[in-house]
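Coordinates from run04.csv are shown below (CSV, C-alpha atoms and all ligand atoms).
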```
chain,number,residue,atom,x,y,z
A,1,MET,CA,3.4,-2.3,-34.7
A,2,THR,CA,7.1,-3.0,-35.4
A,3,GLU,CA,8.0,-6.5,-36.4
A,4,SER,CA,11.0,-8.3,-35.0
A,5,ILE,CA,13.9,-8.8,-37.4
A,6,TRP,CA,15.0,-11.9,-35.5
A,7,ASP,CA,14.7,-15.2,-37.4
A,8,HIS,CA,13.7,-17.6,-34.6
A,9,GLU,CA,14.1,-20.7,-36.8
A,10,ASN,CA,17.7,-19.9,-37.7
A,11,ALA,CA,18.5,-17.9,-34.5
A,12,ASN,CA,20.0,-15.0,-36.4
A,13,CYS,CA,19.3,-11.6,-37.9
A,14,ASN,CA,20.9,-8.9,-40.1
A,15,VAL,CA,21.4,-5.4,-38.9
A,16,GLY,CA,22.5,-3.6,-42.1
A,17,ASN,CA,25.6,-5.4,-43.2
A,18,PHE,CA,26.2,-6.9,-39.7
A,19,LYS,CA,25.1,-10.6,-39.4
A,20,ILE,CA,24.2,-11.7,-35.9
A,21,ASP,CA,24.0,-15.4,-34.9
A,22,ARG,CA,23.2,-16.9,-31.5
A,23,VAL,CA,25.7,-19.6,-30.5
A,24,VAL,CA,24.6,-21.8,-27.6
A,25,ASP,CA,26.7,-23.1,-24.7
A,26,LEU,CA,23.9,-24.3,-22.4
A,27,GLU,CA,20.4,-24.3,-23.9
A,28,ARG,CA,18.1,-24.3,-20.9
A,29,LEU,CA,18.6,-24.4,-17.2
A,30,SER,CA,15.9,-23.7,-14.6
A,31,TYR,CA,16.5,-22.0,-11.2
A,32,PRO,CA,14.2,-21.2,-8.3
A,33,TYR,CA,13.0,-17.7,-8.8
A,34,GLY,CA,13.9,-16.7,-5.2
A,35,SER,CA,17.6,-17.5,-5.9
A,36,MET,CA,17.5,-15.6,-9.2
A,37,ILE,CA,15.1,-12.7,-8.9
A,38,PRO,CA,14.3,-12.4,-5.2
A,39,ASP,CA,12.1,-9.3,-5.8
A,40,ALA,CA,9.7,-11.2,-8.1
A,41,ASP,CA,6.2,-11.5,-6.8
A,42,PRO,CA,5.0,-15.1,-7.0
A,43,LYS,CA,1.4,-14.1,-7.7
A,44,VAL,CA,2.6,-12.0,-10.7
A,45,LEU,CA,4.9,-14.8,-11.8
A,46,SER,CA,2.0,-17.3,-11.8
A,47,LYS,CA,0.2,-15.0,-14.3
A,48,LEU,CA,3.3,-14.5,-16.4
A,49,ALA,CA,3.8,-18.3,-16.4
A,50,GLU,CA,0.5,-18.7,-18.2
A,51,GLU,CA,1.4,-16.0,-20.6
A,52,MET,CA,5.0,-16.9,-21.4
A,53,GLY,CA,4.6,-20.7,-21.2
A,54,SER,CA,6.2,-23.5,-19.3
A,55,ARG,CA,9.5,-23.4,-21.2
A,56,LEU,CA,10.2,-20.0,-19.5
A,57,ILE,CA,8.5,-20.4,-16.2
A,58,THR,CA,7.8,-23.8,-14.6
A,59,PRO,CA,4.1,-23.9,-13.5
A,60,GLY,CA,3.8,-24.5,-9.8
A,61,THR,CA,7.4,-24.1,-8.7
A,62,LEU,CA,7.8,-20.9,-10.8
A,63,ASP,CA,11.4,-21.8,-11.6
A,64,LEU,CA,12.8,-19.5,-14.2
A,65,SER,CA,14.6,-20.9,-17.2
A,66,LEU,CA,17.8,-19.3,-18.7
A,67,SER,CA,20.1,-20.2,-21.6
A,68,PHE,CA,23.8,-19.4,-21.8
A,69,HIS,CA,24.8,-18.2,-25.3
A,70,SER,CA,27.2,-16.0,-27.2
A,71,PHE,CA,26.3,-13.6,-30.0
A,72,LEU,CA,28.5,-13.9,-33.1
A,73,ILE,CA,28.7,-10.7,-35.1
A,74,ARG,CA,30.1,-10.7,-38.6
A,75,SER,CA,30.9,-7.5,-40.5
A,76,HIS,CA,32.8,-7.0,-43.7
A,77,LYS,CA,35.9,-6.4,-41.5
A,78,TYR,CA,35.6,-8.6,-38.4
A,79,THR,CA,34.3,-11.8,-36.8
A,80,ILE,CA,33.3,-10.9,-33.3
A,81,LEU,CA,32.2,-13.0,-30.4
A,82,VAL,CA,30.3,-11.3,-27.6
A,83,ASP,CA,30.4,-13.1,-24.2
A,84,THR,CA,31.9,-16.5,-24.0
A,85,CYS,CA,29.6,-18.3,-21.6
A,86,CYS,CA,30.7,-21.1,-19.2
A,87,GLY,CA,33.4,-23.0,-21.1
A,88,ASN,CA,34.6,-26.6,-20.8
A,89,GLY,CA,36.6,-28.2,-18.1
A,90,LYS,CA,36.3,-25.2,-15.7
A,91,ASN,CA,36.5,-26.0,-12.0
A,92,ARG,CA,33.2,-24.5,-10.6
A,93,PRO,CA,32.2,-26.8,-7.7
A,94,ASN,CA,29.8,-24.2,-6.4
A,95,ARG,CA,27.9,-24.1,-9.7
A,96,VAL,CA,27.1,-27.7,-10.6
A,97,ASP,CA,25.8,-26.9,-14.1
A,98,TRP,CA,29.0,-25.1,-15.0
A,99,HIS,CA,31.4,-27.5,-13.3
A,100,LEU,CA,33.9,-29.5,-15.4
A,101,ARG,CA,31.7,-29.4,-18.5
A,102,ASP,CA,32.3,-31.1,-21.8
A,103,GLY,CA,29.8,-29.2,-24.0
A,104,PRO,CA,29.7,-28.7,-27.8
A,105,PHE,CA,30.0,-24.9,-28.0
A,106,LEU,CA,32.9,-24.9,-30.5
A,107,ASN,CA,30.9,-27.4,-32.7
A,108,ASN,CA,28.0,-25.0,-32.5
A,109,LEU,CA,30.3,-22.1,-33.6
A,110,SER,CA,31.7,-24.3,-36.4
A,111,ALA,CA,28.1,-25.0,-37.5
A,112,ARG,CA,27.9,-21.2,-38.1
A,113,GLY,CA,30.9,-21.5,-40.3
A,114,VAL,CA,33.4,-20.1,-37.8
A,115,LYS,CA,36.6,-21.8,-36.5
A,116,PRO,CA,38.4,-20.6,-33.4
A,117,GLU,CA,41.2,-19.1,-35.6
A,118,ASP,CA,38.6,-17.1,-37.6
A,119,VAL,CA,37.5,-15.0,-34.6
A,120,ASP,CA,39.1,-11.5,-34.7
A,121,ILE,CA,37.6,-9.9,-31.6
A,122,VAL,CA,36.2,-11.3,-28.3
A,123,MET,CA,34.2,-8.9,-26.2
A,124,CYS,CA,33.0,-9.7,-22.6
A,125,THR,CA,30.1,-7.5,-21.4
A,126,HIS,CA,31.4,-8.1,-17.9
A,127,LEU,CA,33.7,-10.6,-16.2
A,128,HIS,CA,31.3,-13.0,-14.4
A,129,ALA,CA,32.2,-16.6,-14.8
A,130,ASP,CA,29.4,-17.3,-17.3
A,131,HIS,CA,30.6,-14.6,-19.7
A,132,VAL,CA,34.4,-15.5,-19.9
A,133,GLY,CA,34.4,-19.3,-19.9
A,134,TRP,CA,35.3,-20.0,-23.5
A,135,ASN,CA,38.0,-17.3,-23.5
A,136,THR,CA,40.4,-20.2,-22.7
A,137,ILE,CA,40.8,-23.9,-23.2
A,138,MET,CA,43.1,-26.4,-21.5
A,139,ASP,CA,46.2,-27.2,-23.5
A,140,ASN,CA,48.9,-29.4,-21.9
A,141,GLY,CA,47.9,-28.4,-18.4
A,142,ASP,CA,47.7,-24.7,-19.2
A,143,TRP,CA,44.7,-22.4,-19.9
A,144,VAL,CA,45.4,-20.8,-23.3
A,145,PRO,CA,43.3,-18.5,-25.5
A,146,THR,CA,40.7,-20.5,-27.3
A,147,PHE,CA,40.8,-18.0,-30.2
A,148,PRO,CA,44.4,-17.7,-31.2
A,149,ASN,CA,44.1,-14.7,-33.5
A,150,ALA,CA,41.6,-12.7,-31.5
A,151,GLN,CA,42.1,-9.5,-29.6
A,152,TYR,CA,40.1,-9.8,-26.4
A,153,LEU,CA,38.4,-6.6,-25.3
A,154,PHE,CA,37.6,-5.9,-21.6
A,155,ALA,CA,36.2,-2.7,-20.2
A,156,GLU,CA,39.0,-1.2,-18.1
A,157,SER,CA,36.6,-0.1,-15.3
A,158,GLU,CA,35.3,-3.7,-15.1
A,159,TYR,CA,38.7,-5.2,-15.0
A,160,ASP,CA,40.0,-2.7,-12.4
A,161,PHE,CA,37.0,-3.4,-10.1
A,162,TRP,CA,37.7,-7.1,-10.0
A,163,ILE,CA,41.5,-6.6,-9.6
A,164,LYS,CA,40.6,-4.6,-6.5
A,165,GLU,CA,38.2,-7.3,-5.3
A,166,GLN,CA,41.0,-9.8,-5.7
A,167,LYS,CA,43.4,-7.8,-3.6
A,168,ASN,CA,40.8,-7.6,-0.8
A,169,SER,CA,39.9,-11.3,-0.9
A,170,SER,CA,41.6,-14.3,0.5
A,171,SER,CA,39.7,-16.7,-1.8
A,172,PRO,CA,39.5,-16.7,-5.6
A,173,ILE,CA,37.2,-14.1,-7.0
A,174,LEU,CA,34.6,-14.8,-9.7
A,175,LEU,CA,34.4,-18.5,-8.8
A,176,GLY,CA,38.0,-18.8,-10.0
A,177,SER,CA,37.3,-17.6,-13.5
A,178,TYR,CA,39.6,-14.6,-13.2
A,179,GLU,CA,42.5,-17.1,-12.9
A,180,ASP,CA,41.5,-19.5,-15.5
A,181,SER,CA,39.7,-17.4,-18.1
A,182,VAL,CA,40.9,-13.7,-17.8
A,183,LEU,CA,44.4,-13.7,-16.4
A,184,PRO,CA,45.8,-16.1,-19.1
A,185,ILE,CA,44.4,-13.8,-21.8
A,186,MET,CA,46.2,-10.8,-20.3
A,187,GLN,CA,49.4,-12.9,-19.9
A,188,SER,CA,49.2,-14.0,-23.5
A,189,GLY,CA,49.2,-10.3,-24.7
A,190,GLN,CA,45.9,-10.8,-26.5
A,191,GLY,CA,43.9,-8.9,-23.9
A,192,LYS,CA,43.2,-5.2,-24.3
A,193,LEU,CA,41.6,-2.9,-21.7
A,194,VAL,CA,39.4,-0.3,-23.3
A,195,ASP,CA,37.2,2.6,-22.5
A,196,SER,CA,33.5,1.9,-21.9
A,197,ASN,CA,32.6,3.9,-25.0
A,198,TYR,CA,35.1,2.0,-27.3
A,199,GLN,CA,34.2,1.8,-31.0
A,200,ILE,CA,35.1,-1.5,-32.8
A,201,GLU,CA,34.1,0.0,-36.1
A,202,THR,CA,31.4,2.4,-37.4
A,203,GLY,CA,28.1,1.0,-36.2
A,204,LEU,CA,29.6,-1.2,-33.4
A,205,ASN,CA,29.9,0.8,-30.2
A,206,PHE,CA,30.4,-0.1,-26.6
A,207,GLU,CA,28.3,1.8,-24.1
A,208,PRO,CA,28.5,1.8,-20.3
A,209,ALA,CA,25.7,-0.2,-18.6
A,210,TYR,CA,26.7,-0.1,-15.0
A,211,GLY,CA,24.7,-1.8,-12.3
A,212,HIS,CA,24.8,-5.5,-12.8
A,213,THR,CA,28.6,-5.1,-12.3
A,214,PRO,CA,30.4,-1.7,-11.8
A,215,GLY,CA,32.0,-1.9,-15.3
A,216,SER,CA,29.3,-3.7,-17.3
A,217,ILE,CA,29.0,-2.6,-21.0
A,218,ILE,CA,26.7,-3.3,-23.9
A,219,LEU,CA,27.3,-3.4,-27.6
A,220,HIS,CA,25.1,-1.1,-29.7
A,221,VAL,CA,24.9,-2.4,-33.3
A,222,GLU,CA,23.5,0.1,-35.7
A,223,GLU,CA,23.5,0.3,-39.5
A,224,GLY,CA,21.1,1.0,-42.3
A,225,GLY,CA,18.4,2.3,-40.0
A,226,ARG,CA,18.4,-0.9,-37.9
A,227,GLU,CA,19.6,-1.5,-34.4
A,228,ALA,CA,20.5,-4.4,-32.1
A,229,ILE,CA,21.4,-4.1,-28.4
A,230,VAL,CA,23.6,-6.9,-27.3
A,231,CYS,CA,23.1,-6.2,-23.6
A,232,GLY,CA,24.7,-9.0,-21.5
A,233,ASP,CA,23.1,-9.2,-18.1
A,234,VAL,CA,21.2,-6.0,-18.1
A,235,MET,CA,18.3,-8.5,-17.9
A,236,HIS,CA,18.4,-12.2,-17.2
A,237,HIS,CA,14.8,-13.3,-17.9
A,238,PRO,CA,11.9,-11.8,-20.0
A,239,VAL,CA,9.9,-11.2,-16.8
A,240,GLN,CA,12.3,-8.2,-16.2
A,241,VAL,CA,11.1,-6.6,-19.4
A,242,ARG,CA,7.6,-6.6,-17.9
A,243,TYR,CA,8.8,-5.6,-14.4
A,244,PRO,CA,12.1,-3.7,-14.8
A,245,ASN,CA,12.4,-3.0,-11.1
A,246,TRP,CA,13.1,-6.7,-10.5
A,247,SER,CA,16.9,-6.9,-10.3
A,248,SER,CA,18.7,-10.3,-10.2
A,249,ALA,CA,20.4,-11.7,-7.1
A,250,PHE,CA,23.7,-11.4,-9.0
A,251,CYS,CA,23.6,-7.7,-9.4
A,252,GLU,CA,26.4,-5.9,-7.6
A,253,ASP,CA,24.1,-2.8,-7.3
A,254,PRO,CA,20.5,-3.8,-7.7
A,255,ILE,CA,19.2,-0.2,-7.5
A,256,LEU,CA,21.5,1.0,-10.2
A,257,SER,CA,20.8,-2.1,-12.3
A,258,ALA,CA,17.1,-1.4,-12.2
A,259,LYS,CA,17.7,2.2,-13.1
A,260,TYR,CA,19.8,1.3,-16.1
A,261,ARG,CA,17.2,-1.3,-17.2
A,262,TRP,CA,14.5,1.3,-17.1
A,263,ASP,CA,16.6,3.8,-19.0
A,264,MET,CA,17.6,1.3,-21.7
A,265,LEU,CA,14.1,-0.1,-22.2
A,266,THR,CA,12.6,3.5,-22.3
A,267,ARG,CA,15.3,4.6,-24.8
A,268,PHE,CA,14.7,1.7,-27.2
A,269,SER,CA,11.0,1.1,-26.8
A,270,GLY,CA,9.1,1.9,-30.0
A,271,THR,CA,12.3,2.3,-32.0
A,272,GLY,CA,12.4,-1.2,-33.5
A,273,ALA,CA,15.8,-1.9,-31.9
A,274,ILE,CA,16.1,-5.6,-31.2
A,275,ILE,CA,17.2,-6.6,-27.6
A,276,LEU,CA,19.7,-9.5,-27.4
A,277,PRO,CA,20.4,-10.4,-23.7
A,278,ALA,CA,22.8,-13.1,-22.8
A,279,HIS,CA,20.3,-15.4,-21.0
A,280,PHE,CA,16.9,-15.0,-22.7
A,281,LEU,CA,15.5,-18.2,-24.2
A,282,SER,CA,14.1,-18.1,-27.7
A,283,PRO,CA,11.7,-16.5,-28.8
A,284,PHE,CA,12.2,-13.5,-26.6
A,285,TYR,CA,14.5,-11.5,-28.9
A,286,GLY,CA,12.8,-8.6,-30.4
A,287,PRO,CA,11.9,-4.9,-30.3
A,288,ILE,CA,10.5,-3.4,-27.1
A,289,GLU,CA,7.2,-1.6,-26.6
A,290,LYS,CA,5.8,0.2,-23.6
A,291,GLU,CA,3.0,-1.7,-21.9
A,292,ARG,CA,1.1,-0.8,-18.7
A,293,ASN,CA,3.8,-0.2,-16.0
A,294,GLY,CA,6.6,-1.9,-17.9
A,295,PHE,CA,7.4,-3.1,-21.4
A,296,ARG,CA,7.0,-6.1,-23.6
A,297,THR,CA,9.0,-7.8,-26.3
A,298,ILE,CA,7.5,-8.1,-29.7
A,299,ILE,CA,8.1,-11.6,-30.9
B,1,ZN,ZN,25.3,-14.0,-16.9
```
Could you express the structure from this file as structure tokens?
Amino acid sequence: MTESIWDHENANCNVGNFKIDRVVDLERLSYPYGSMIPDADPKVLSKLAEEMGSRLITPGTLDLSLSFHSFLIRSHKYTILVDTCCGNGKNRPNRVDWHLRDGPFLNNLSARGVKPEDVDIVMCTHLHADHVGWNTIMDNGDWVPTFPNAQYLFAESEYDFWIKEQKNSSSPILLGSYEDSVLPIMQSGQGKLVDSNYQIETGLNFEPAYGHTPGSIILHVEEGGREAIVCGDVMHHPVQVRYPNWSSAFCEDPILSAKYRWDMLTRFSGTGAIILPAHFLSPFYGPIEKERNGFRTII
């Protein structure tokens, strides 16, 4: 059996010369399973609650717990932040947990030895509001890039999809996060639209992961015989590793999302590659193995 390379105590791992740290914005929020993964079978969830524990699935109500975090990747060349969570001060009246926050994300980043000016590259796996929030901070009444020296990479197909949605919509798209967390980046000149197979450097490659959104991408980290898959919202909760058919309520194309999830889990099961989704709570970061009708994470 392959062992996980993830260090749960320090919330980090090394993939060859790449160092990966988890940086938390919101540690644990619980949501009714029906609003998050409507396909989930409550009888099956009850069994999974016993197995996975009450931190992940609340006994009785079967609420599912998520975290909101970035992955910080440091190479010899670059300091890279993948997904920027919810942010501070963002107006999200329809998402009470994300609304006008005053959280310690930048302190958590600093605890990893990284100041905003140190970040070279920001990558968003997709443009939902909980993946772009820390792209910007408020400065004298304007939203400005949080990371003044960073190039922000967005997949062109993802960006184009939301631009079209915006043209077809009379109300703000993406809970207003396009206006406050993406548009200011493009206007500053720090945004760059790239291909879904973009390479940051050898061993750091984007790959298309369409389904959750039409332009979702993942970051495949590979060096020295080790691999990590920073996979955004391909999965939201560890129950989807066990039951990959269960897509989230937030997937633009639930069928394509399930297909991609199956493909990704099949491809990496038994390889030792560590799976790093954007919303899994610790300790569910690890390699994948086939089990019965689905998969499981080795922790
Ligand atoms: Zn998300």
Closest-contact table, chain A side, partner ligand ZN 1 (chain B), 7 Å, counting only C-alpha atoms and all ligand atoms, as CSV:
```
residue,atom,partner,partner_atom,distance
A:His128,CA,B:ZN1,ZN,6.6
A:Asp130,CA,B:ZN1,ZN,5.3
A:His131,CA,B:ZN1,ZN,6.0
A:Gly232,CA,B:ZN1,ZN,6.8
A:Asp233,CA,B:ZN1,ZN,5.4
A:Ala278,CA,B:ZN1,ZN,6.5
A:His279,CA,B:ZN1,ZN,6.6
```
d(CA of Leu109 (chain A), CA of Gly176 (chain A)) in Å: 25.0 Å
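Every protein, DNA or RNA residue with an atom at most 9 Å from Tyr260 (chain A), where all atoms listed in the file count and chain neighbours fewer than 3 positions away do not, is listed here: Ala209, Tyr210, Gly211, Val234, Ile255, Leu256, Ser257, Asp263, Met264 and Leu265 of chain A.
For the choices A:His237, A:Glu3, A:Val132, A:Leu219, the atom-to-atom distance to Asp63 (chain A) is smallest for A:His237 when using all atoms listed in the file.
With CA of Asn91 (chain A) on one side and CA of His69 (chain A) on the other, the separation reads 19.4 Å.
Restricting the calculation to only C-alpha atoms, the smallest distance between Phe105 (chain A) and any of A:Leu183, A:Leu64, A:Leu81, A:Val24 is found for A:Val24.
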Using all atoms listed in the file: which of A:Ile121, A:Leu153, A:Leu174, A:Ile218 has the shortest distance to Met186 (chain A): A:Leu153
Could you list, with a cut-off of 12 Å and counting all atoms listed in the file, the residues of region 88-166 of chain A near region 27-51 of chain A, each shown with its nearest atom pair and the distance in Å rounded to one decimal, rows sorted by chain and ascending number, as a Markdown table?
```
| residue | atom | partner | partner_atom | distance |
| --- | --- | --- | --- | --- |
| A:Arg95 | CA | A:Tyr31 | CA | 11.7 |
| A:Val96 | CA | A:Leu29 | CA | 11.3 |
| A:Asp97 | CA | A:Leu29 | CA | 8.2 |
| A:Trp98 | CA | A:Leu29 | CA | 10.7 |
| A:Gly103 | CA | A:Glu27 | CA | 10.6 |
| A:Pro104 | CA | A:Glu27 | CA | 11.0 |
| A:Phe105 | CA | A:Glu27 | CA | 10.5 |
| A:Asn108 | CA | A:Glu27 | CA | 11.5 |
```
